[in-house]
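Below is the file start_38.txt, which contains compact mmCIF, C-alpha atoms.
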```
# COMPACT_ATOMS: atom_id res chain seq x y z
CA MET A 20 -59.55 -82.40 -49.90
CA LEU A 21 -62.06 -84.40 -47.93
CA ILE A 22 -65.38 -82.74 -47.06
CA THR A 23 -66.86 -84.52 -44.07
CA ASP A 24 -70.12 -84.59 -42.09
CA ALA A 25 -72.23 -83.22 -44.95
CA THR A 26 -75.84 -83.51 -46.02
CA ILE A 27 -75.43 -83.77 -49.77
CA VAL A 28 -78.02 -82.56 -52.28
CA THR A 29 -76.96 -84.25 -55.51
CA PHE A 30 -79.34 -82.60 -58.02
CA GLY A 31 -78.90 -85.73 -60.07
CA ARG A 32 -81.65 -87.58 -61.87
CA PRO A 33 -83.20 -88.63 -59.62
CA ASN A 34 -82.23 -86.05 -57.04
CA GLU A 35 -81.04 -87.47 -53.72
CA ILE A 36 -80.34 -86.06 -50.28
CA LEU A 37 -77.60 -88.05 -48.54
CA ASP A 38 -77.30 -87.53 -44.77
CA GLY A 39 -73.99 -88.03 -42.97
CA HIS A 40 -71.99 -88.29 -46.17
CA GLY A 41 -68.65 -86.98 -47.34
CA LEU A 42 -66.88 -86.07 -50.58
CA LEU A 43 -63.33 -86.67 -51.72
CA VAL A 44 -62.11 -83.99 -54.14
CA GLU A 45 -59.10 -84.67 -56.37
CA ASP A 46 -57.82 -82.66 -59.35
CA GLY A 47 -60.86 -80.39 -59.34
CA ARG A 48 -63.37 -83.23 -59.49
CA ILE A 49 -65.40 -85.32 -57.10
CA ALA A 50 -63.47 -88.56 -56.81
CA ALA A 51 -65.65 -90.36 -54.26
CA ILE A 52 -68.91 -90.00 -52.36
CA GLY A 53 -69.87 -92.11 -49.39
CA PRO A 54 -70.70 -92.23 -45.72
CA SER A 55 -68.47 -89.73 -43.98
CA ALA A 56 -66.97 -92.23 -41.51
CA GLU A 57 -65.96 -94.60 -44.30
CA LEU A 58 -64.22 -91.90 -46.33
CA GLU A 59 -62.44 -90.58 -43.24
CA SER A 60 -61.07 -94.04 -42.44
CA ARG A 61 -59.80 -94.52 -46.01
CA HIS A 62 -58.30 -91.03 -46.44
CA ARG A 63 -56.82 -90.17 -43.06
CA ASP A 64 -54.14 -87.86 -44.46
CA ALA A 65 -56.36 -85.79 -46.75
CA PRO A 66 -56.91 -82.13 -45.80
CA ARG A 67 -60.33 -81.76 -44.21
CA LEU A 68 -63.21 -79.37 -44.59
CA ASP A 69 -65.74 -80.20 -41.88
CA ALA A 70 -69.22 -79.32 -43.16
CA GLY A 71 -70.63 -79.65 -39.65
CA GLY A 72 -73.87 -81.13 -40.97
CA GLN A 73 -74.43 -78.33 -43.49
CA TYR A 74 -75.97 -79.00 -46.86
CA VAL A 75 -73.48 -79.45 -49.68
CA MET A 76 -74.90 -78.88 -53.16
CA PRO A 77 -73.75 -77.80 -56.61
CA GLY A 78 -72.76 -74.17 -57.07
CA ASN A 79 -75.30 -71.92 -58.76
CA ILE A 80 -75.05 -70.98 -62.45
CA CYS A 81 -76.09 -67.67 -64.07
CA ALA A 82 -77.02 -68.13 -67.73
CA HIS A 83 -76.96 -64.44 -68.71
CA GLY A 84 -75.54 -61.36 -67.03
CA HIS A 85 -73.38 -58.26 -67.36
CA PHE A 86 -70.44 -57.81 -65.00
CA TYR A 87 -69.97 -54.27 -66.29
CA SER A 88 -73.22 -53.02 -64.71
CA ALA A 89 -71.65 -52.67 -61.24
CA PHE A 90 -71.27 -48.88 -61.45
CA ALA A 91 -74.97 -48.36 -62.20
CA VAL A 92 -76.16 -48.96 -58.63
CA GLY A 93 -77.51 -45.66 -57.27
CA MET A 94 -76.70 -43.75 -60.46
CA SER A 95 -79.17 -41.04 -61.49
CA VAL A 96 -80.52 -40.89 -65.04
CA PRO A 97 -80.71 -37.22 -66.12
CA HIS A 98 -83.74 -35.61 -67.79
CA ASP A 99 -87.12 -37.33 -67.80
CA PRO A 100 -87.15 -40.89 -66.49
CA PRO A 101 -86.97 -43.44 -69.33
CA ILE A 102 -90.18 -45.36 -69.90
CA THR A 103 -89.51 -48.46 -71.98
CA LEU A 104 -86.50 -50.49 -73.10
CA PRO A 105 -85.70 -48.34 -76.17
CA THR A 106 -85.48 -45.14 -74.11
CA ILE A 107 -83.71 -46.96 -71.26
CA LEU A 108 -81.05 -48.08 -73.73
CA ASP A 109 -80.72 -44.56 -75.16
CA ARG A 110 -80.63 -42.75 -71.84
CA LEU A 111 -78.96 -45.26 -69.55
CA TRP A 112 -77.12 -48.24 -70.94
CA TRP A 113 -75.63 -46.98 -74.19
CA PRO A 114 -74.11 -43.80 -72.69
CA TYR A 115 -73.02 -45.95 -69.74
CA ASP A 116 -71.27 -48.45 -72.03
CA ARG A 117 -69.47 -45.66 -73.87
CA ALA A 118 -68.18 -44.20 -70.59
CA LEU A 119 -66.43 -47.42 -69.60
CA GLY A 120 -62.64 -47.47 -69.77
CA GLU A 121 -60.15 -50.15 -68.83
CA GLN A 122 -60.12 -49.09 -65.16
CA GLU A 123 -63.91 -49.26 -64.82
CA VAL A 124 -64.13 -52.59 -66.64
CA ARG A 125 -61.59 -54.13 -64.28
CA LEU A 126 -63.29 -52.73 -61.19
CA ALA A 127 -66.75 -53.79 -62.33
CA VAL A 128 -65.61 -57.36 -62.97
CA GLU A 129 -63.87 -57.42 -59.58
CA VAL A 130 -67.17 -56.43 -57.96
CA GLY A 131 -68.82 -59.20 -59.96
CA MET A 132 -66.36 -61.70 -58.53
CA VAL A 133 -67.13 -60.61 -54.97
CA ASP A 134 -70.88 -60.83 -55.52
CA ALA A 135 -70.75 -64.19 -57.30
CA ILE A 136 -68.54 -65.90 -54.73
CA LYS A 137 -70.50 -64.53 -51.74
CA ASN A 138 -73.78 -65.66 -53.31
CA GLY A 139 -72.60 -69.11 -54.32
CA THR A 140 -72.66 -68.52 -58.08
CA THR A 141 -69.78 -70.55 -59.44
CA THR A 142 -70.38 -70.19 -63.22
CA TYR A 143 -71.41 -66.96 -64.96
CA PHE A 144 -72.25 -66.30 -68.63
CA ASP A 145 -71.10 -62.70 -69.15
CA HIS A 146 -72.15 -60.44 -72.04
CA HIS A 147 -69.78 -57.44 -72.15
CA SER A 148 -70.04 -54.03 -73.83
CA SER A 149 -67.53 -51.16 -73.78
CA PRO A 150 -67.34 -49.54 -77.25
CA ASN A 151 -64.41 -47.33 -76.25
CA CYS A 152 -62.46 -50.24 -74.75
CA ILE A 153 -62.58 -53.18 -77.16
CA ASP A 154 -59.19 -54.57 -78.17
CA GLY A 155 -58.04 -57.11 -75.58
CA VAL A 156 -60.90 -56.41 -73.18
CA LEU A 157 -61.91 -60.09 -72.99
CA ASP A 158 -58.36 -60.96 -71.94
CA LEU A 159 -58.66 -58.32 -69.21
CA ILE A 160 -61.93 -59.80 -67.97
CA ALA A 161 -60.52 -63.33 -68.19
CA SER A 162 -57.53 -62.35 -66.06
CA VAL A 163 -59.77 -60.94 -63.30
CA VAL A 164 -62.00 -64.03 -63.39
CA GLY A 165 -58.95 -66.29 -63.32
CA GLU A 166 -57.44 -64.52 -60.32
CA ALA A 167 -60.71 -64.86 -58.42
CA GLY A 168 -61.09 -68.55 -59.36
CA LEU A 169 -64.61 -68.40 -60.80
CA ARG A 170 -65.88 -70.09 -63.97
CA ALA A 171 -67.15 -67.78 -66.71
CA VAL A 172 -68.13 -67.82 -70.37
CA LEU A 173 -67.17 -64.46 -71.91
CA CYS A 174 -68.12 -62.55 -75.05
CA PHE A 175 -68.15 -59.00 -76.43
CA GLU A 176 -71.32 -57.32 -77.67
CA VAL A 177 -71.17 -56.62 -81.42
CA THR A 178 -73.48 -53.83 -82.59
CA ASP A 179 -73.75 -51.32 -85.44
CA ARG A 180 -74.96 -48.51 -83.17
CA ASP A 181 -71.42 -47.19 -82.55
CA GLY A 182 -70.36 -47.16 -86.18
CA PRO A 183 -68.69 -49.61 -88.59
CA GLU A 184 -65.19 -49.38 -87.10
CA ARG A 185 -66.33 -50.42 -83.65
CA ALA A 186 -68.54 -53.17 -85.10
CA THR A 187 -65.52 -54.54 -86.93
CA ALA A 188 -63.40 -54.28 -83.79
CA GLY A 189 -66.07 -56.14 -81.79
CA ILE A 190 -66.17 -58.94 -84.33
CA ALA A 191 -62.38 -59.21 -84.23
CA GLU A 192 -62.30 -59.27 -80.40
CA ASN A 193 -64.85 -62.08 -80.23
CA ALA A 194 -63.13 -64.09 -82.98
CA ARG A 195 -59.70 -63.68 -81.36
CA PHE A 196 -60.97 -64.80 -77.96
CA VAL A 197 -62.86 -67.76 -79.44
CA ARG A 198 -59.60 -68.86 -81.07
CA ARG A 199 -57.75 -68.43 -77.77
CA CYS A 200 -60.24 -70.75 -76.08
CA ALA A 201 -60.41 -73.24 -78.98
CA ARG A 202 -58.24 -75.82 -77.23
CA GLY A 203 -60.22 -75.61 -74.01
CA PRO A 204 -61.18 -73.16 -71.29
CA ILE A 205 -58.37 -70.88 -70.09
CA GLY A 206 -57.07 -72.36 -66.87
CA GLY A 207 -59.95 -74.80 -67.13
CA ARG A 208 -62.35 -72.07 -66.00
CA VAL A 209 -62.81 -69.37 -68.68
CA ALA A 210 -64.52 -70.19 -71.98
CA ALA A 211 -65.74 -68.14 -74.95
CA SER A 212 -68.97 -67.54 -76.82
CA PHE A 213 -69.65 -64.88 -79.49
CA GLY A 214 -71.58 -61.81 -78.34
CA ILE A 215 -74.09 -59.82 -80.38
CA HIS A 216 -76.27 -57.08 -78.91
CA ALA A 217 -79.61 -57.80 -80.59
CA PRO A 218 -81.09 -58.16 -84.06
CA MET A 219 -82.52 -54.64 -83.71
CA THR A 220 -79.02 -53.03 -83.75
CA VAL A 221 -77.19 -55.34 -86.17
CA SER A 222 -77.46 -55.39 -89.97
CA ASP A 223 -77.54 -58.56 -92.04
CA ASP A 224 -74.09 -57.70 -93.34
CA THR A 225 -72.71 -57.50 -89.80
CA LEU A 226 -74.44 -60.76 -88.85
CA ALA A 227 -72.87 -62.43 -91.87
CA ARG A 228 -69.42 -61.16 -90.91
CA CYS A 229 -69.90 -62.42 -87.35
CA ARG A 230 -70.82 -65.88 -88.60
CA GLU A 231 -67.90 -66.00 -91.05
CA SER A 232 -65.35 -65.02 -88.41
CA VAL A 233 -65.65 -68.14 -86.24
CA PRO A 234 -65.91 -71.89 -86.79
CA SER A 235 -69.17 -73.79 -87.05
CA GLY A 236 -70.40 -74.87 -83.64
CA THR A 237 -69.48 -71.60 -81.93
CA GLY A 238 -72.15 -70.49 -79.47
CA PHE A 239 -73.73 -67.06 -79.97
CA HIS A 240 -74.98 -65.02 -76.99
CA VAL A 241 -77.66 -62.55 -78.15
CA HIS A 242 -80.52 -60.47 -76.71
CA ALA A 243 -83.52 -61.63 -78.74
CA GLY A 244 -87.12 -60.51 -78.40
CA GLU A 245 -86.48 -58.61 -75.17
CA HIS A 246 -88.93 -55.91 -76.30
CA GLU A 247 -91.38 -55.54 -79.18
CA TYR A 248 -89.01 -52.97 -80.68
CA ASP A 249 -86.51 -55.74 -81.40
CA GLN A 250 -89.05 -57.37 -83.70
CA HIS A 251 -90.19 -54.06 -85.26
CA ARG A 252 -86.62 -53.05 -86.14
CA SER A 253 -85.64 -56.50 -87.34
CA LEU A 254 -88.65 -56.60 -89.68
CA ALA A 255 -87.91 -53.09 -90.92
CA MET A 256 -84.24 -53.89 -91.57
CA SER A 257 -84.64 -57.28 -93.22
CA GLY A 258 -88.29 -58.25 -93.49
CA THR A 259 -87.59 -61.08 -91.05
CA ARG A 260 -88.29 -61.60 -87.35
CA SER A 261 -85.41 -61.68 -84.90
CA VAL A 262 -84.95 -65.41 -84.28
CA ASP A 263 -85.63 -66.22 -87.94
CA ARG A 264 -82.80 -63.85 -88.94
CA LEU A 265 -80.39 -65.47 -86.51
CA HIS A 266 -81.40 -68.89 -87.78
CA ARG A 267 -80.86 -67.76 -91.36
CA HIS A 268 -77.32 -66.78 -90.37
CA ASP A 269 -76.72 -70.19 -88.74
CA MET A 270 -76.42 -68.74 -85.23
CA LEU A 271 -78.77 -71.05 -83.39
CA GLY A 272 -77.59 -74.25 -81.74
CA GLU A 273 -77.15 -75.96 -78.39
CA ARG A 274 -74.27 -73.67 -77.33
CA SER A 275 -76.18 -70.47 -78.21
CA ILE A 276 -78.23 -68.34 -75.79
CA MET A 277 -81.16 -66.13 -76.68
CA ALA A 278 -81.41 -63.78 -73.70
CA HIS A 279 -84.94 -62.81 -72.60
CA ALA A 280 -86.90 -64.40 -75.50
CA ILE A 281 -90.09 -62.63 -74.43
CA HIS A 282 -91.65 -61.34 -77.64
CA LEU A 283 -91.37 -64.38 -79.87
CA ASP A 284 -94.01 -65.98 -82.06
CA ALA A 285 -94.71 -69.72 -82.26
CA ARG A 286 -92.38 -70.22 -85.22
CA GLU A 287 -89.47 -68.64 -83.35
CA VAL A 288 -90.11 -70.81 -80.30
CA MET A 289 -90.09 -73.93 -82.49
CA LEU A 290 -86.82 -72.81 -84.09
CA LEU A 291 -85.24 -72.60 -80.64
CA ALA A 292 -86.59 -76.01 -79.70
CA GLY A 293 -85.60 -77.65 -82.97
CA THR A 294 -82.02 -76.38 -82.83
CA GLY A 295 -81.51 -77.00 -79.11
CA THR A 296 -80.91 -73.28 -78.51
CA ALA A 297 -81.16 -72.04 -74.92
CA ALA A 298 -83.43 -69.17 -73.88
CA SER A 299 -82.43 -67.35 -70.71
CA HIS A 300 -85.11 -65.89 -68.43
CA GLN A 301 -84.38 -62.81 -66.28
CA PRO A 302 -87.64 -62.10 -64.41
CA ARG A 303 -86.39 -59.41 -62.02
CA ASN A 304 -84.90 -57.26 -64.74
CA ASN A 305 -87.88 -57.80 -67.04
CA MET A 306 -90.16 -56.54 -64.28
CA ASN A 307 -87.87 -53.60 -63.50
CA VAL A 308 -87.71 -52.43 -67.12
CA GLY A 309 -91.30 -53.34 -67.94
CA ASP A 310 -90.26 -55.56 -70.85
CA GLY A 311 -93.01 -58.13 -70.45
CA ILE A 312 -93.24 -61.69 -69.17
CA ALA A 313 -91.62 -64.58 -70.99
CA ALA A 314 -93.87 -67.57 -71.62
CA VAL A 315 -91.39 -69.92 -70.01
CA GLU A 316 -93.89 -72.72 -69.39
CA SER A 317 -95.01 -72.76 -73.01
CA GLN A 318 -91.43 -72.63 -74.21
CA MET A 319 -90.40 -75.55 -72.03
CA ARG A 320 -93.48 -77.48 -73.15
CA ALA A 321 -92.37 -76.89 -76.75
CA GLY A 322 -88.96 -78.33 -75.92
CA VAL A 323 -86.91 -75.16 -75.42
CA ARG A 324 -84.10 -75.36 -72.86
CA VAL A 325 -85.15 -72.36 -70.76
CA CYS A 326 -82.40 -71.26 -68.36
CA LEU A 327 -82.17 -68.62 -65.64
CA GLY A 328 -80.01 -65.49 -65.60
CA THR A 329 -79.93 -62.08 -63.91
CA ASP A 330 -79.13 -59.58 -66.71
CA GLY A 331 -76.67 -57.60 -64.61
CA LEU A 332 -78.49 -57.65 -61.29
CA ALA A 333 -76.64 -59.30 -58.41
CA PRO A 334 -76.01 -63.01 -59.09
CA THR A 335 -78.41 -64.12 -56.37
CA MET A 336 -79.81 -67.08 -58.26
CA TRP A 337 -82.20 -68.20 -55.52
CA ARG A 338 -83.77 -64.73 -55.47
CA GLU A 339 -84.06 -64.92 -59.24
CA ALA A 340 -85.74 -68.32 -59.01
CA GLU A 341 -88.17 -66.96 -56.42
CA ALA A 342 -89.08 -64.09 -58.74
CA ALA A 343 -89.63 -66.50 -61.64
CA TYR A 344 -91.85 -68.67 -59.46
CA PHE A 345 -94.14 -65.85 -58.34
CA LEU A 346 -94.18 -63.92 -61.63
CA GLN A 347 -95.86 -66.70 -63.60
CA LYS A 348 -98.54 -67.03 -60.95
CA ILE A 349 -99.52 -63.37 -60.94
CA ALA A 350 -99.22 -63.11 -64.72
CA HIS A 351 -101.78 -65.88 -65.19
CA ARG A 352 -103.66 -65.31 -61.92
CA ASP A 353 -103.25 -69.01 -61.28
CA GLY A 354 -101.32 -70.35 -58.29
CA ARG A 355 -100.61 -73.61 -60.09
CA ARG A 356 -98.34 -72.03 -62.69
CA LEU A 357 -94.62 -72.86 -62.78
CA PRO A 358 -94.69 -75.52 -60.05
CA PRO A 359 -91.44 -76.27 -58.19
CA ASP A 360 -90.39 -79.17 -60.44
CA GLN A 361 -90.53 -76.92 -63.52
CA LEU A 362 -88.71 -74.16 -61.65
CA LEU A 363 -85.89 -76.56 -60.77
CA GLU A 364 -85.78 -77.82 -64.36
CA MET A 365 -85.10 -74.27 -65.50
CA ALA A 366 -82.91 -72.93 -62.70
CA VAL A 367 -80.87 -76.04 -61.92
CA TYR A 368 -80.94 -78.72 -64.60
CA ASN A 369 -81.11 -76.55 -67.72
CA ASN A 370 -78.45 -74.16 -66.45
CA ALA A 371 -76.22 -77.12 -65.66
CA ALA A 372 -76.73 -78.66 -69.10
CA LEU A 373 -75.82 -75.38 -70.81
CA ALA A 374 -72.71 -74.77 -68.70
CA SER A 375 -71.52 -78.36 -69.12
CA LEU A 376 -71.32 -77.81 -72.90
CA TYR A 377 -68.61 -75.19 -72.31
CA PHE A 378 -66.69 -77.12 -69.65
CA GLY A 379 -66.87 -80.59 -71.10
CA ASP A 380 -64.23 -82.39 -69.05
CA ALA A 381 -66.61 -82.92 -66.14
CA PRO A 382 -70.35 -82.28 -65.70
CA LEU A 383 -71.39 -79.17 -63.82
CA GLY A 384 -74.42 -78.67 -61.61
CA THR A 385 -74.50 -82.08 -59.97
CA VAL A 386 -72.78 -83.83 -57.08
CA ALA A 387 -71.64 -87.15 -58.50
CA GLU A 388 -68.41 -89.07 -58.88
CA GLY A 389 -66.56 -87.58 -61.84
CA SER A 390 -68.41 -84.25 -61.82
CA ALA A 391 -66.69 -80.91 -61.31
CA ALA A 392 -66.11 -79.99 -57.69
CA ASP A 393 -68.07 -76.74 -57.94
CA LEU A 394 -69.84 -76.74 -54.59
CA ILE A 395 -71.50 -74.58 -51.98
CA LEU A 396 -72.06 -75.26 -48.29
CA VAL A 397 -75.40 -74.01 -46.97
CA ASP A 398 -76.10 -73.45 -43.27
CA TYR A 399 -79.81 -74.15 -43.50
CA HIS A 400 -81.80 -75.66 -40.66
CA PRO A 401 -85.32 -76.31 -41.96
CA ALA A 402 -88.26 -76.22 -39.63
CA THR A 403 -89.90 -79.00 -41.64
CA PRO A 404 -88.34 -82.02 -43.35
CA MET A 405 -86.52 -81.26 -46.60
CA THR A 406 -86.62 -84.10 -49.10
CA ALA A 407 -85.56 -84.60 -52.69
CA ASP A 408 -89.19 -84.10 -53.69
CA ASN A 409 -89.94 -80.89 -51.79
CA ILE A 410 -86.61 -79.05 -52.06
CA GLY A 411 -88.12 -76.57 -54.53
CA GLY A 412 -90.53 -75.36 -51.87
CA HIS A 413 -87.69 -74.89 -49.40
CA LEU A 414 -85.67 -72.98 -51.99
CA VAL A 415 -88.50 -70.53 -52.75
CA PHE A 416 -89.98 -70.04 -49.29
CA ALA A 417 -87.10 -70.42 -46.85
CA MET A 418 -83.59 -70.58 -48.31
CA ASN A 419 -81.56 -67.48 -49.12
CA GLU A 420 -78.01 -66.66 -50.15
CA SER A 421 -77.01 -65.41 -46.68
CA MET A 422 -76.99 -69.07 -45.63
CA ILE A 423 -74.11 -69.89 -48.01
CA THR A 424 -70.92 -70.26 -45.97
CA ASN A 425 -68.43 -71.82 -48.41
CA THR A 426 -67.96 -71.56 -52.16
CA ILE A 427 -65.73 -74.00 -54.02
CA VAL A 428 -64.80 -74.03 -57.73
CA ALA A 429 -62.85 -76.89 -59.30
CA GLY A 430 -61.90 -78.01 -55.81
CA GLU A 431 -60.48 -74.60 -54.83
CA VAL A 432 -62.08 -72.95 -51.80
CA LEU A 433 -62.93 -69.36 -52.75
CA MET A 434 -64.92 -68.60 -49.59
CA ARG A 435 -64.49 -70.44 -46.30
CA ASP A 436 -66.85 -69.76 -43.40
CA ARG A 437 -68.01 -66.59 -45.20
CA GLU A 438 -64.42 -65.28 -45.54
CA LEU A 439 -63.43 -64.47 -49.13
CA LEU A 440 -60.02 -65.99 -49.87
CA THR A 441 -59.21 -64.91 -53.44
CA VAL A 442 -60.58 -61.35 -53.53
CA ASP A 443 -60.41 -58.43 -51.10
CA GLU A 444 -63.95 -57.08 -50.89
CA GLN A 445 -63.20 -53.99 -48.80
CA GLU A 446 -60.31 -52.91 -51.03
CA ILE A 447 -62.30 -53.47 -54.23
CA LYS A 448 -65.36 -51.61 -52.95
CA ALA A 449 -63.20 -48.70 -51.74
CA ARG A 450 -61.61 -48.31 -55.19
CA CYS A 451 -65.05 -48.45 -56.81
CA ARG A 452 -66.46 -45.73 -54.55
CA GLU A 453 -63.46 -43.56 -55.41
CA ALA A 454 -63.84 -44.09 -59.19
CA ALA A 455 -67.64 -43.91 -59.43
CA PRO A 456 -68.19 -40.09 -59.25
CA ALA A 457 -65.91 -39.35 -62.22
CA PHE A 458 -67.46 -42.21 -64.16
CA TRP A 459 -70.97 -40.95 -63.46
CA GLN A 460 -69.95 -37.50 -64.75
CA ARG A 461 -68.66 -39.00 -68.01
CA TYR A 462 -71.87 -40.98 -68.31
CA GLU A 463 -74.10 -37.93 -67.78
CA ALA A 464 -72.14 -35.94 -70.35
CA GLY A 465 -72.96 -38.58 -72.94
CA VAL A 466 -76.72 -38.82 -72.30
CA PRO A 467 -78.77 -37.37 -75.19
CA ASP A 468 -81.25 -34.62 -74.35
CA THR A 469 -84.00 -36.47 -76.20
CA PRO A 470 -84.31 -40.19 -76.86
CA ILE A 471 -83.19 -41.50 -80.24
CA LEU A 472 -85.40 -44.57 -80.18
CA GLY A 473 -89.15 -44.40 -79.76
```
Let's see the structure in the file written out as structure tokens.
Amino acid sequence: MLITDATIVTFGRPNEILDGHGLLVEDGRIAAIGPSAELESRHRDAPRLDAGGQYVMPGNICAHGHFYSAFAVGMSVPHDPPITLPTILDRLWWPYDRALGEQEVRLAVEVGMVDAIKNGTTTYFDHHSSPNCIDGVLDLIASVVGEAGLRAVLCFEVTDRDGPERATAGIAENARFVRRCARGPIGGRVAASFGIHAPMTVSDDTLARCRESVPSGTGFHVHAGEHEYDQHRSLAMSGTRSVDRLHRHDMLGERSIMAHAIHLDAREVMLLAGTGTAASHQPRNNMNVGDGIAAVESQMRAGVRVCLGTDGLAPTMWREAEAAYFLQKIAHRDGRRLPPDQLLEMAVYNNAALASLYFGDAPLGTVAEGSAADLILVDYHPATPMTADNIGGHLVFAMNESMITNTIVAGEVLMRDRELLTVDEQEIKARCREAAPAFWQRYEAGVPDTPILG
């Protein structure tokens, strides 16, 4: 496929904006970049996608999220409203997880595919939980992702909160799926990490069994330091802080993700930096739940690869970047905090570096010869000049996901001129609306009258 008449944003180092250029895509990769007229003259028989002057840039990447959260939109939480993360888990997410069956998992992931493709998110790190639907559930999710054409890194959330049998089943499901992906991503697009809920709900024995079940070098995807309670429980269970425990069990490393990483001390931050472990920042969800504000600038200054995720909110990565940008300013009452270059380092370059570790055949997150053809076309007409130096300002103050017209993964067009080609949004949403009331009833029946955690 030849993409013509494009304004290319490379997000390379250095970043470049190339007017009047084109791209030749072959075998899922970018085979050539050059002036559009030159490529058209050399590849006259190639199928064309006329960008019409639109911006062409790498697809967005979500470093932490939960496809399964789709049924929560508009759902009422019975009894008194939950206040903090511990009661939110008790009253909302843990009963919700237990209510999920195979049908709801499939539907929720299908909704995730619609949202990701429409919003130009081409790679998604999913952290799944369904304690009453464990065996084979990652294969189910992988099949839905594969049919839609997205890239995803999947895992199952191991926890002790649902009893030893389910913890053992969760370990086995992760280990089986890691082995399935050992020779490379399924279909080139679905990879595996190992999921653990959080140090606050996992014993040292369970952590040891997780580590023993998979080869060295496996990436672990864990909620760490999302709330102070995570540290309190970890200390009570083992006498050790959350990240220190994970390090002791050899779970840190460049393929591992510590989601949230808000309530960490200096030693924990240095452990992340020294091991190359990623920390994912989810500012919108942290504000919604009242978790706190991650010290992302300090962490990046210490050498931590801070990435950007959504934690189950819609995969609108530009909205998430905007929230991150403004949150640091109000938190410190200083308009200089998290300037655009640092925001792009987190949201673009660090996310790309993390995702490229899981899809090693071709780099992700950049437009360059040899990189993966994961691309979006953006119908943006700036009122002021957009340059490689000021693109961060345009992203925060003017660009939004409604401007994305085409989404391409590994050279396959998943959305063309805002028409979804691999998923049927209306049919999926209709099935979800039909299934949601019964699911909500099962959820409400499982909500405890009083919170378990304080």
Computed gap from atom CA of A:Leu119 to atom CA of A:Ala455 is 10.8 Å
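Note that atom CA of A:Phe144 and atom CA of A:Arg198 are 17.9 Å apart.
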Between atom CA of A:Arg324 and atom CA of A:Thr294, distance in Å (one decimal):
10.2 Å
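Of the residues under consideration (A:Gly238, A:Gly71, A:Gly244, A:Gly412), A:Gly244 shows the shortest atom-to-atom contact distance to A:Ile312 when counting all atoms listed in the file.
For A:Ile215, the residues within 10 Å (counting all atoms listed in the file, excluding itself and residues fewer than 6 positions away along the chain) are A:His146, A:His147, A:Ser148, A:Cys174, A:Phe175, A:Glu176, A:Val177, A:Thr178, A:Asp179, A:Ala186, A:Gly189, A:Ile190, A:Asn193, A:Val221, A:Thr225, A:Leu226, A:Cys229, A:Phe239, A:His240, A:Val241, A:His242, A:Ala243.
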Between stretch 258-307 of chain A and stretch 367-380 of chain A, at 9 Å or less, what are the per-residue closest atom pairs and their distances in Å? Count all atoms listed in the file, order by chain and rising residue number, and return it as JSON lines.
```
{"residue": "A:Glu273", "atom": "CA", "partner": "A:Leu373", "partner_atom": "CA", "distance": 7.7}
{"residue": "A:Arg274", "atom": "CA", "partner": "A:Leu376", "partner_atom": "CA", "distance": 6.7}
{"residue": "A:Ser275", "atom": "CA", "partner": "A:Leu373", "partner_atom": "CA", "distance": 8.9}
{"residue": "A:Ile276", "atom": "CA", "partner": "A:Leu373", "partner_atom": "CA", "distance": 9.0}
{"residue": "A:Ala297", "atom": "CA", "partner": "A:Leu373", "partner_atom": "CA", "distance": 7.5}
{"residue": "A:Ser299", "atom": "CA", "partner": "A:Asn370", "partner_atom": "CA", "distance": 9.0}
```
One residue among A:Thr26, A:Gln250, A:Asn79, A:Ser317 is nearest to A:Ala340 when using all atoms listed in the file, and that residue is A:Asn79
Set the distance at 12 Å and use all atoms listed in the file: which residues neighbour A:Arg450 once local chain neighbours fewer than 3 positions away are removed? I'd like the list as a PyMOL selection string.
chain A and resi 90+122-123+125-127+129-130+443-447+453-456
Name all residues at most 10 Å from A:Gly411 (count all atoms listed in the file; drop same-chain ones fewer than 3 positions away) and give them as a PDB file with C-alpha atoms, in the frame of the given file.
```pdb
ATOM      1  CA  ALA A 340     -85.740 -68.320 -59.010  1.00  0.00           C
ATOM      2  CA  GLU A 341     -88.170 -66.960 -56.420  1.00  0.00           C
ATOM      3  CA  PRO A 358     -94.690 -75.520 -60.050  1.00  0.00           C
ATOM      4  CA  PRO A 359     -91.440 -76.270 -58.190  1.00  0.00           C
ATOM      5  CA  ASP A 360     -90.390 -79.170 -60.440  1.00  0.00           C
ATOM      6  CA  GLN A 361     -90.530 -76.920 -63.520  1.00  0.00           C
ATOM      7  CA  LEU A 362     -88.710 -74.160 -61.650  1.00  0.00           C
ATOM      8  CA  LEU A 363     -85.890 -76.560 -60.770  1.00  0.00           C
ATOM      9  CA  MET A 405     -86.520 -81.260 -46.600  1.00  0.00           C
ATOM     10  CA  THR A 406     -86.620 -84.100 -49.100  1.00  0.00           C
ATOM     11  CA  ALA A 407     -85.560 -84.600 -52.690  1.00  0.00           C
ATOM     12  CA  ASP A 408     -89.190 -84.100 -53.690  1.00  0.00           C
ATOM     13  CA  LEU A 414     -85.670 -72.980 -51.990  1.00  0.00           C
ATOM     14  CA  VAL A 415     -88.500 -70.530 -52.750  1.00  0.00           C
ATOM     15  CA  PHE A 416     -89.980 -70.040 -49.290  1.00  0.00           C
ATOM     16  CA  ALA A 417     -87.100 -70.420 -46.850  1.00  0.00           C
ATOM     17  CA  MET A 418     -83.590 -70.580 -48.310  1.00  0.00           C
TER      18      MET A 418
END
```
Non-local contacts of A:Glu316 (9 Å; all atoms listed in the file; under 2 positions in same chain excluded) as a list in words
Ala313, Ala314, Gln318, Met319, Arg320, Ala321, Val325, Gln347, Arg356, Leu357 and Gln361 of chain A
Residues within 12 Å of (-58.0, -70.8, -74.5), file coordinates, counting all atoms listed in the file: what are they? Give the list as a count of residues only.
27
